[in-house]
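The next block holds one structure in the form of structure tokens; read it before the comments.
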Amino acid sequence: MKQKKTIVIDEKTPLLLLAGPMFLELLLNTMLNNVDTIMLSHYDEYAVGAVGNANSIIFMMNILFNIIATATSVVVAQYLGARQHDKMNMIYTLAIAVNFMVGLTLSAVFCTANPLIMNFLNVSPEMRPNSMMYIYIVGGSGFVTAVYSVMLQILRCNGYTKVGMWVTFASNIINIIGNYLFLYGPLSPLKMGVAGVAISTVAARLIAVAALLGFFYAMKIGKISLRCLRPFPGKLLGKMVKIGLPTAGENLTYNLYQTTLLSFINTMGNDSVNAKVYCNMLISFAIIFSNACAMSTQIITGHLVGAEKPDLAYKRVFKTLRVSMPITIALATLNAVLCRYSLRLFTDNMNIIALGQMIMIVDIFIEVGRCLNMTFVSSLKAAGAYIFPLVAGILCNWGLGLTTGYAVGVLLGFGVAGIFVGTATDECIRGLIVMYYWYKKKWVGKSVVDGSQGQASNKM
């Protein structure tokens with residue numbers, strides 16, 4: 001198959017050329033993730049907390065899928081930057097095949113461990129049946145998300161960031177229609193509730209995967225065939241796992257730490273659980289812009305490192321921060337000011353609204369640290385320095401975030417807002433640490449591309 005010429009990404013690529021479509025994609029994706037909660041809030045309040053608990057586990061599963069997906073973004077960007085196009089079909093096929101098998105395995109494991117997960121999270125009896133049902137359906141189809149995450153990274157690194165935006169938009173529409181049919185429409189007599197919402201979510205993701213694969217072939221970006229794996233590229237797979245494991249480990253330890261904090265919140269009552277779920281919905285909108293900028297910079301950094309231009313990559317990351325930080329602070333502050341009104345979209349419970357107001361004030365400090373972390377950690381990974389973010393994450397998550405959250409939220413009695421104080425401490429301190437690591441250029445010389453300035457064996 002004749003391949004279409006790849007879109008050129010270099011130091012002259014405008015940030016918003018990539019970040020703009022990604023911002024809209026993330027916005028739509030956030031809506032897709034939250035629309036279940038919004039529609040359920042008017043159906044059954046206990047179902048809201050149930051899905052919130054289930055999503056914390058499903059998110060952990062998605063992190064494990066990112067072992068290969070994240071490695072794909074690094075390897076594809078660097079090989080494209082180094083103009084080694086002859087290896088791309090092998091990389092594409094390897095990433096999709098491996099992540100599909102990982103998805104099948106993890107789906108089976110999480111469904112089998114479902115009862116144990118409910119016990120660990122201290123999920124209340126009112127929420128437990130719906131939480132388990134959601135995990136069985138959405139978690140059981142995790143292999144679909146595994147393929148989706150890899151395909152999205154492949155298209156992004158080739159410069160097709162608008163595709164994810166349009167596909168996510170279509171997924172939103174499909175998901176909303178499905179939710180309506182099961183909760184309020186012709187299928188409502190079936191009384192499937194959370195199960196119906198889960199089914200519509202899975203259907204939307206299946207259609208999204210089909211659309212991404214269709215675009216991949218329509219634009220002749222490459223081909224996916226098991227023949228490309230003969231002989232099997234064991235060395236390349238090992239290199240991708242070495243990149244992906246620390247990255248996934250960093251995300252996994254963060255999610256385990258957040259899940260442990262959630263277990264504390266579950267002991268504070270259902271109002272605290274629902275306040276966290278509603279606030280997380282508002283917070284997810286505040287981080288979209290900085291996340292889009294960080295993801296775009298990761299792609300550009302990978303291309304520049306692959307092309308052996310570390311000085312340009314160094315400057316580009318700080319330039320991104322000057323754009324993303326002020327906007328992130330403004331969005332978080334606006335969230336805190338308006339939350340007393342926005343929370344009323346989901347509930348009339350004044351206790352939940354009061355708890356939410358305290359959470360959103362603390363979140364301003366969380367977003368400052370999170371912006372630093374997203375910007376510098378994503379760029380460190382793109383440069384091949386994937387061990388340090390893992391070490392920093394483990395030490396700060398558990399050494400600062402968990403201990404501070406437990407001390408302030410549980411021991412001192414500040415409740416769910418105190419738990420968020422622990423997260424703010426973790427994010428801010430860790431953000432300063434990874435920024436200093438980038439500033440000292442400890443990442444230079446760690447490229448994964450053979451023959452480039454860095455060697456794959458020198459990773460730290």
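We label chains A, B, ... in the order they appear in the structure tokens, count residues from 1 in each chain, and number ligands from 1 in the order shown.
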For stretch 363-371 of chain A, please output as a PDB file with C-alpha atoms, in the first residue's frame all residues within 7 Å (counting only C-alpha atoms; exclusion window: fewer than 4 positions along the same chain).
```pdb
ATOM      1  CA  SER A 290      -3.593  22.578  30.026  1.00  0.00           C
ATOM      2  CA  MET A 325      -0.685  28.108  33.436  1.00  0.00           C
ATOM      3  CA  THR A 328      -5.624  26.977  34.035  1.00  0.00           C
ATOM      4  CA  ILE A 329      -5.626  29.255  37.082  1.00  0.00           C
ATOM      5  CA  ALA A 332     -10.073  26.864  38.310  1.00  0.00           C
ATOM      6  CA  THR A 333     -10.895  30.203  39.960  1.00  0.00           C
ATOM      7  CA  ILE A 359     -13.563  21.259  47.479  1.00  0.00           C
ATOM      8  CA  THR A 375       3.434  19.781  31.045  1.00  0.00           C
ATOM      9  CA  THR A 423      -3.923  16.048  46.662  1.00  0.00           C
ATOM     10  CA  ALA A 424      -2.991  19.736  46.404  1.00  0.00           C
ATOM     11  CA  GLU A 427       0.536  18.006  42.952  1.00  0.00           C
ATOM     12  CA  CYS A 428       2.346  21.249  43.837  1.00  0.00           C
ATOM     13  CA  GLY A 431       5.225  19.674  39.927  1.00  0.00           C
TER      14      GLY A 431
END
```
Practice problem: Compile the contact shell of A:Gly422 as a PyMOL selection string: residues with an atom at most 12 Å away, counting only C-alpha atoms, same-chain residues fewer than 4 positions apart removed. | Solution: chain A and resi 257-258+261+359+362-363+365-366+396-410+414-418+426-429
Which residues of stretch 206-275 of chain A come within 7 Å of stretch 53-60 of chain A, and what is each one's closest atom pair and distance in Å (one decimal), counting only C-alpha atoms, sorted by chain and residue number, as JSON lines?
```
{"residue": "A:Leu252", "atom": "CA", "partner": "A:Met60", "partner_atom": "CA", "distance": 6.4}
{"residue": "A:Asn255", "atom": "CA", "partner": "A:Met60", "partner_atom": "CA", "distance": 6.1}
{"residue": "A:Thr259", "atom": "CA", "partner": "A:Ser56", "partner_atom": "CA", "distance": 6.8}
```
Generate a file of the selected residues that holds C-alpha atoms, formatted as a tab-separated table (two decimals), in the first residue's frame.
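Once written, part-v1.tsv looks like this:
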```tsv
chain	number	residue	atom	x	y	z
A	252	LEU	CA	-1.24	3.38	38.38
A	255	ASN	CA	-4.82	6.04	40.78
A	259	THR	CA	-8.61	5.06	45.17
```
Self-check item: alpha helix (DSSP H) per DSSP on the backbone: members of stretch 207-328 of chain A, as a VMD selection string
Solution: chain A and resid 207 to 218 234 to 266 270 to 286 288 to 306 310 to 328
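Between A:Arg128 and the candidates A:Cys111, A:Ala50, A:Ile283, A:Ile173, the tightest atom-to-atom separation, counting only C-alpha atoms, involves A:Ala50.
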Quiz prompt | Exercise: A:Ser73 partners within 7 Å, only C-alpha atoms, chain neighbours under 5 positions left out, as a ChimeraX atom specification | solution = /A:153-154,157
Take the residues from that selection and write them out as a PDB file, in the first residue's frame, keeping N, CA and C atoms.
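Listing of again25.pdb after writing:
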```
ATOM      1  N   GLN A 153      -3.472   7.558  19.567  1.00  0.00           N
ATOM      2  CA  GLN A 153      -2.081   8.012  19.647  1.00  0.00           C
ATOM      3  C   GLN A 153      -1.411   7.957  18.274  1.00  0.00           C
ATOM      4  N   ILE A 154      -1.698   6.938  17.514  1.00  0.00           N
ATOM      5  CA  ILE A 154      -1.102   6.812  16.179  1.00  0.00           C
ATOM      6  C   ILE A 154      -1.516   7.984  15.294  1.00  0.00           C
ATOM      7  N   CYS A 157       0.068  11.415  16.531  1.00  0.00           N
ATOM      8  CA  CYS A 157       1.495  11.562  16.231  1.00  0.00           C
ATOM      9  C   CYS A 157       1.744  11.784  14.741  1.00  0.00           C
TER      10      CYS A 157
END
```
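With distances taken over only C-alpha atoms, A:Ile224 is the one residue among A:Ile224, A:Met118, A:Ile287, A:Leu17 lying closest to A:Ile96.
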Self-check item: Nearest-residue call for A:Lys87, choices A:Val147, A:Val75, A:Ala195, A:Cys279, using only C-alpha atoms
Solution: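 Of all the options, A:Val75 lies closest to A:Lys87.
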Self-check item: Which residue of A:Lys442, A:Lys223, A:His42, A:Lys12 approaches A:Tyr184 most closely, using only C-alpha atoms
Solution: A:His42
